[in-house]
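First comes the structure, then the notes that go with it.
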There are 2 protein chains.
Amino acid sequence: MNSSDVSANLSLDEVRDNFISQWGAFGSHWGINRTMAQIHALLMTGLEALSTDEVMAKLSVSRGNAHTNLKELVSWGLVRIVVKKGDRKEYFDAERDVWKIFTIILRERQRREIDPALDLLRNCQEETKGLEGAEAEAFRNQVKELENFVSFARNLGSKVDKLSYGPAMKLAAKFLG
Amino acid sequence: MNSSDVSANLSLDEVRDNFISQWGAFGSHWGINRTMAQIHALLMTGLEALSTDEVMAKLSVSRGNAHTNLKELVSWGLVRIVVKKGDRKEYFDAERDVWKIFTIILRERQRREIDPALDLLRNCQEETKGLEGAEAEAFRNQVKELENFVSFARNLGSKVDKLSYGPAMKLAAKFLG
DNA sequence: CTGAATTTTCAGTAATTACTGAAATTGATG
DNA sequence: CATCAATTTCAGTAATTACTGAAAATTCAG
C-alpha cells in the first residue's frame, strides 16, 4: 500500500461512514430503525461479512443493540448468517440486490401495516352495516373508499412482489415511455 | 330522534372513535404523526367542517396540539380552511378523495425523503469517483445500484402523481388482469 | 463434564418525539 | 384605540422508542 492508497482509503472511509450514518436516518422513515438501517448499509457497502464485534466497533454501538438489530435484519431476510469454518463466531452479510431489498421491505410492510389497516377498514364496515342516517352513510362510504384504494394498492404490491427485476423494469419502461 | 336512532348514533360514534384512534397509529408508520392522522380521520369521516375547539374536544388534545397539526395538514393540502360568514372562527374540512389523499402524501414523501436520499447517493458517487481498489469499487457500485433504483422509483412516482384516478385504475387493471 | 467463547436477554437509562397549557400576538369590531 | 375572540408560539413536560451494559444462557472443544 503506497501513500496515495492510504489517502484514498481514508477518504473512502470518510465518505462511507457519512453514507452509513445518513442512510440510517432515512431508514427511520421507512419502518426500519436507525441502527438497523446503518448495519444493513455497513454490510451492503463492504466486501466481507462482519462479526457482531466488528459491527459494534464500526458503528460504536453496544453489543445488545448490534445483536438485536442483526437478528432483526436476519428475520427480515435482509442479512444472512455466514459461518466460517474453524471459527465459532457468526458473521453477517447483507443482501445487495436492490430489487430483492425492495421486495423484502415491501412484503414486510404489507404484512405489518397494510394488512392490519385493511382489517380495520373491513371491520368498521361490518360494524356499521345496519346503521342509517346521513352520518352513518358518510362514515361507511368514506371507509369503503379507503378500503377500495388500500386493497387495490395491496394487490398491486403483491403483483410487483412476484416480478423479478428484468420484467419489472420492462413493464416500468413501457409505462414511463 | 327516536330511541333506535339514539342507540344507532352511540354505536356509530363508538366505531368511529375506534377507527380514528387506530388510524392515527397507522399514520405514524407513514410519516404523519398520530394526532395529525387522527385529525384527518376525524374530519374525513364526518360531514361538517370543525373548529379548533371541536377538534380539541373530540380528540381530547390540547389547543397547541390541535392547532399545530391542523396547520400542518393545511400545509400538506390534506385539510382546507372553511370560513363561515358571521363567524370569526376558522373551520377545517378534510380532503376526502382517496386518490388525492394518496398523491398528496406521495408528493410530500418524495420531497422529504426520496429527493434527499438521491442527493446523498449522487454525492457519494461524486466523492469517490477517483478512488481505486476493490473496496472503493464495491462501495461505488452498490451506491450506483441504489441510485438507479431510487431514481427509477422517483420517476414512476412522478408519473403516477400526474395521473388522475380513472386512468390510473385503467392502467392498474391492465397490469393486474 | 468443564470451562471458555459466544449469543441472548432485559432492567435501567438515554435520546427522541410529541403534547400541554399559558402567555403573546393578531386582527376584527364598535 | 380599547376590547375581546381567536390564533399562534414555545418553554416545560410527558410519552415513546431506542440503546447500554452486565448477567444469564447456550454452545462447543477438549
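Order determines the names: the first chain of the C-alpha cells is A, the second B, and so forth; residues in each chain are numbered 1 upward, and ligands are numbered 1 upward as they are shown.
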
Inset, instruction - Mind the document's chain letters and residue numbers, and return as a ChimeraX atom specification the residues of segment 21-72 of chain A that DSSP labels helix (DSSP H, G or I). - result: /A:21-30,34-44,52-59,63-72

Selection file, N, CA and C atoms, as a compact mmCIF listing (two decimals), in the first residue's frame:
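Dumped to part_8.txt:
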# COMPACT_ATOMS: atom_id res chain seq x y z
N SER A 21 -24.18 6.73 8.11
CA SER A 21 -24.90 7.47 9.14
C SER A 21 -26.15 8.15 8.58
N GLN A 22 -26.04 8.70 7.38
CA GLN A 22 -27.21 9.36 6.80
C GLN A 22 -28.27 8.36 6.34
N TRP A 23 -27.81 7.23 5.83
CA TRP A 23 -28.75 6.20 5.37
C TRP A 23 -29.60 5.69 6.55
N GLY A 24 -28.96 5.65 7.70
CA GLY A 24 -29.68 5.26 8.92
C GLY A 24 -30.85 6.20 9.19
N ALA A 25 -30.62 7.49 8.98
CA ALA A 25 -31.69 8.46 9.21
C ALA A 25 -32.85 8.22 8.23
N PHE A 26 -32.55 7.90 6.99
CA PHE A 26 -33.62 7.61 6.03
C PHE A 26 -34.40 6.36 6.44
N GLY A 27 -33.66 5.38 6.89
CA GLY A 27 -34.30 4.14 7.32
C GLY A 27 -35.45 4.37 8.28
N SER A 28 -35.23 5.31 9.20
CA SER A 28 -36.25 5.53 10.22
C SER A 28 -37.57 6.06 9.62
N HIS A 29 -37.50 6.61 8.42
CA HIS A 29 -38.75 6.99 7.73
C HIS A 29 -39.40 5.80 7.03
N TRP A 30 -38.74 4.67 7.06
CA TRP A 30 -39.24 3.53 6.30
C TRP A 30 -39.52 2.31 7.16
N ARG A 34 -32.89 3.26 13.09
CA ARG A 34 -31.64 3.84 12.60
C ARG A 34 -30.50 2.83 12.59
N THR A 35 -30.29 2.18 13.73
CA THR A 35 -29.17 1.23 13.80
C THR A 35 -29.34 0.09 12.80
N MET A 36 -30.56 -0.38 12.67
CA MET A 36 -30.84 -1.47 11.74
C MET A 36 -30.45 -1.06 10.31
N ALA A 37 -30.86 0.13 9.92
CA ALA A 37 -30.54 0.62 8.57
C ALA A 37 -29.03 0.84 8.42
N GLN A 38 -28.40 1.31 9.49
CA GLN A 38 -26.95 1.54 9.44
C GLN A 38 -26.20 0.22 9.29
N ILE A 39 -26.63 -0.78 10.03
CA ILE A 39 -25.96 -2.08 9.93
C ILE A 39 -26.11 -2.62 8.51
N HIS A 40 -27.31 -2.53 7.98
CA HIS A 40 -27.51 -3.01 6.62
C HIS A 40 -26.63 -2.24 5.63
N ALA A 41 -26.56 -0.91 5.80
CA ALA A 41 -25.73 -0.09 4.92
C ALA A 41 -24.26 -0.48 5.04
N LEU A 42 -23.83 -0.72 6.27
CA LEU A 42 -22.44 -1.11 6.52
C LEU A 42 -22.11 -2.41 5.80
N LEU A 43 -22.97 -3.40 5.96
CA LEU A 43 -22.70 -4.71 5.37
C LEU A 43 -22.85 -4.69 3.85
N MET A 44 -23.80 -3.91 3.39
CA MET A 44 -24.11 -3.86 1.96
C MET A 44 -23.02 -3.16 1.16
N THR A 52 -20.38 -9.70 14.98
CA THR A 52 -21.06 -8.76 15.87
C THR A 52 -20.07 -7.74 16.43
N ASP A 53 -18.89 -8.22 16.85
CA ASP A 53 -17.90 -7.30 17.42
C ASP A 53 -17.42 -6.26 16.42
N GLU A 54 -17.27 -6.70 15.18
CA GLU A 54 -16.85 -5.73 14.16
C GLU A 54 -17.93 -4.68 13.91
N VAL A 55 -19.17 -5.13 13.88
CA VAL A 55 -20.28 -4.18 13.71
C VAL A 55 -20.32 -3.20 14.88
N MET A 56 -20.18 -3.72 16.10
CA MET A 56 -20.14 -2.87 17.29
C MET A 56 -19.06 -1.80 17.16
N ALA A 57 -17.88 -2.22 16.72
CA ALA A 57 -16.75 -1.31 16.62
C ALA A 57 -16.98 -0.26 15.52
N LYS A 58 -17.39 -0.72 14.37
CA LYS A 58 -17.55 0.21 13.23
C LYS A 58 -18.64 1.24 13.48
N LEU A 59 -19.70 0.84 14.16
CA LEU A 59 -20.80 1.78 14.36
C LEU A 59 -20.85 2.38 15.77
N ARG A 63 -23.26 -4.09 22.39
CA ARG A 63 -23.47 -5.47 21.95
C ARG A 63 -24.97 -5.77 21.80
N GLY A 64 -25.74 -5.35 22.79
CA GLY A 64 -27.17 -5.62 22.76
C GLY A 64 -27.83 -5.04 21.52
N ASN A 65 -27.48 -3.81 21.24
CA ASN A 65 -28.05 -3.12 20.09
C ASN A 65 -27.65 -3.81 18.79
N ALA A 66 -26.36 -4.08 18.64
CA ALA A 66 -25.88 -4.76 17.44
C ALA A 66 -26.58 -6.11 17.28
N HIS A 67 -26.61 -6.85 18.36
CA HIS A 67 -27.21 -8.18 18.32
C HIS A 67 -28.68 -8.14 17.90
N THR A 68 -29.45 -7.32 18.61
CA THR A 68 -30.89 -7.25 18.34
C THR A 68 -31.16 -6.87 16.88
N ASN A 69 -30.45 -5.89 16.40
CA ASN A 69 -30.72 -5.41 15.05
C ASN A 69 -30.20 -6.36 13.98
N LEU A 70 -29.09 -7.03 14.26
CA LEU A 70 -28.61 -8.04 13.31
C LEU A 70 -29.65 -9.15 13.19
N LYS A 71 -30.17 -9.60 14.33
CA LYS A 71 -31.14 -10.68 14.29
C LYS A 71 -32.44 -10.24 13.61
N GLU A 72 -32.80 -9.01 13.84
CA GLU A 72 -34.00 -8.47 13.18
C GLU A 72 -33.77 -8.44 11.65

Contacts between chain A and chain B, please, where a residue of chain B counts if it comes within 7 Å (with only C-alpha atoms); show its shortest atom pair and distance in Å to one decimal, rows by chain and ascending number, as JSON lines.
{"residue": "B:Ala8", "atom": "CA", "partner": "A:Leu131", "partner_atom": "CA", "distance": 6.0}
{"residue": "B:Leu12", "atom": "CA", "partner": "A:Ala136", "partner_atom": "CA", "distance": 6.5}
{"residue": "B:Val15", "atom": "CA", "partner": "A:Cys124", "partner_atom": "CA", "distance": 6.5}
{"residue": "B:Phe26", "atom": "CA", "partner": "A:Glu113", "partner_atom": "CA", "distance": 6.9}
{"residue": "B:His29", "atom": "CA", "partner": "A:Gly31", "partner_atom": "CA", "distance": 6.5}
{"residue": "B:Gly31", "atom": "CA", "partner": "A:His29", "partner_atom": "CA", "distance": 6.5}
{"residue": "B:Thr45", "atom": "CA", "partner": "A:Phe139", "partner_atom": "CA", "distance": 4.9}
{"residue": "B:Gly46", "atom": "CA", "partner": "A:Phe139", "partner_atom": "CA", "distance": 6.5}
{"residue": "B:Leu47", "atom": "CA", "partner": "A:Glu135", "partner_atom": "CA", "distance": 6.6}
{"residue": "B:Val98", "atom": "CA", "partner": "A:Leu146", "partner_atom": "CA", "distance": 6.3}
{"residue": "B:Glu113", "atom": "CA", "partner": "A:Phe26", "partner_atom": "CA", "distance": 6.9}
{"residue": "B:Cys124", "atom": "CA", "partner": "A:Val15", "partner_atom": "CA", "distance": 6.5}
{"residue": "B:Thr128", "atom": "CA", "partner": "A:Leu12", "partner_atom": "CA", "distance": 6.6}
{"residue": "B:Leu131", "atom": "CA", "partner": "A:Ala8", "partner_atom": "CA", "distance": 5.9}
{"residue": "B:Glu135", "atom": "CA", "partner": "A:Leu47", "partner_atom": "CA", "distance": 6.6}
{"residue": "B:Ala136", "atom": "CA", "partner": "A:Leu12", "partner_atom": "CA", "distance": 6.5}
{"residue": "B:Ala138", "atom": "CA", "partner": "A:Thr45", "partner_atom": "CA", "distance": 6.5}
{"residue": "B:Phe139", "atom": "CA", "partner": "A:Thr45", "partner_atom": "CA", "distance": 4.9}
{"residue": "B:Gln142", "atom": "CA", "partner": "A:Thr45", "partner_atom": "CA", "distance": 6.1}
{"residue": "B:Glu145", "atom": "CA", "partner": "A:Val98", "partner_atom": "CA", "distance": 6.8}
{"residue": "B:Leu146", "atom": "CA", "partner": "A:Val98", "partner_atom": "CA", "distance": 6.3}
{"residue": "B:Phe149", "atom": "CA", "partner": "A:Val98", "partner_atom": "CA", "distance": 6.9}
{"residue": "B:Leu156", "atom": "CA", "partner": "A:Leu176", "partner_atom": "CA", "distance": 6.8}
{"residue": "B:Leu176", "atom": "CA", "partner": "A:Leu156", "partner_atom": "CA", "distance": 6.8}

Inset, instruction - Could you list, as a list of chain:residue names, the residues of chain C having an atom within 12 Å of chain A when counting only C-alpha atoms (C1' of nucleotides)? - result: C:DA4, C:DA5, C:DT6, C:DT7, C:DT8, C:DT9, C:DC10, C:DT16

Inset, instruction - Per DSSP on the backbone, filter chain B down to the residues in strand (DSSP E) and report them as JSON, numbers by chain. - result: {"B": [50, 51, 79, 80, 81, 82, 83, 90, 91, 92, 93, 94]}

Pull C-alpha atoms from the residues just selected and write them as an mmCIF file, in the first residue's frame.
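Contents of out15.cif, as written:
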data_model
loop_
_atom_site.group_PDB
_atom_site.id
_atom_site.type_symbol
_atom_site.label_atom_id
_atom_site.label_comp_id
_atom_site.auth_asym_id
_atom_site.auth_seq_id
_atom_site.Cartn_x
_atom_site.Cartn_y
_atom_site.Cartn_z
ATOM 1 C CA LEU B 50 -64.997 21.558 12.572
ATOM 2 C CA SER B 51 -63.420 24.368 14.565
ATOM 3 C CA VAL B 79 -57.209 19.883 5.023
ATOM 4 C CA ARG B 80 -58.670 23.200 3.940
ATOM 5 C CA ILE B 81 -59.843 26.170 5.951
ATOM 6 C CA VAL B 82 -63.540 26.948 5.704
ATOM 7 C CA VAL B 83 -64.867 30.364 6.703
ATOM 8 C CA GLU B 90 -61.821 29.115 11.345
ATOM 9 C CA TYR B 91 -63.323 25.768 10.466
ATOM 10 C CA PHE B 92 -61.456 22.880 8.911
ATOM 11 C CA ASP B 93 -62.528 20.269 6.417
ATOM 12 C CA ALA B 94 -60.539 17.336 5.043
#

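Residue list for chain D within 10 Å of chain A: DT17, DA18, DC19, DT20, DG21, DT27 and DC28 of chain D, counting only C-alpha atoms (C1' of nucleotides).
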
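Comparing the minimum interatomic distances between DT25 of chain C and each of D:DT16, D:DT26, D:DT9, D:DT3, counting only C-alpha atoms (C1' of nucleotides), we find that D:DT9 sits nearest.
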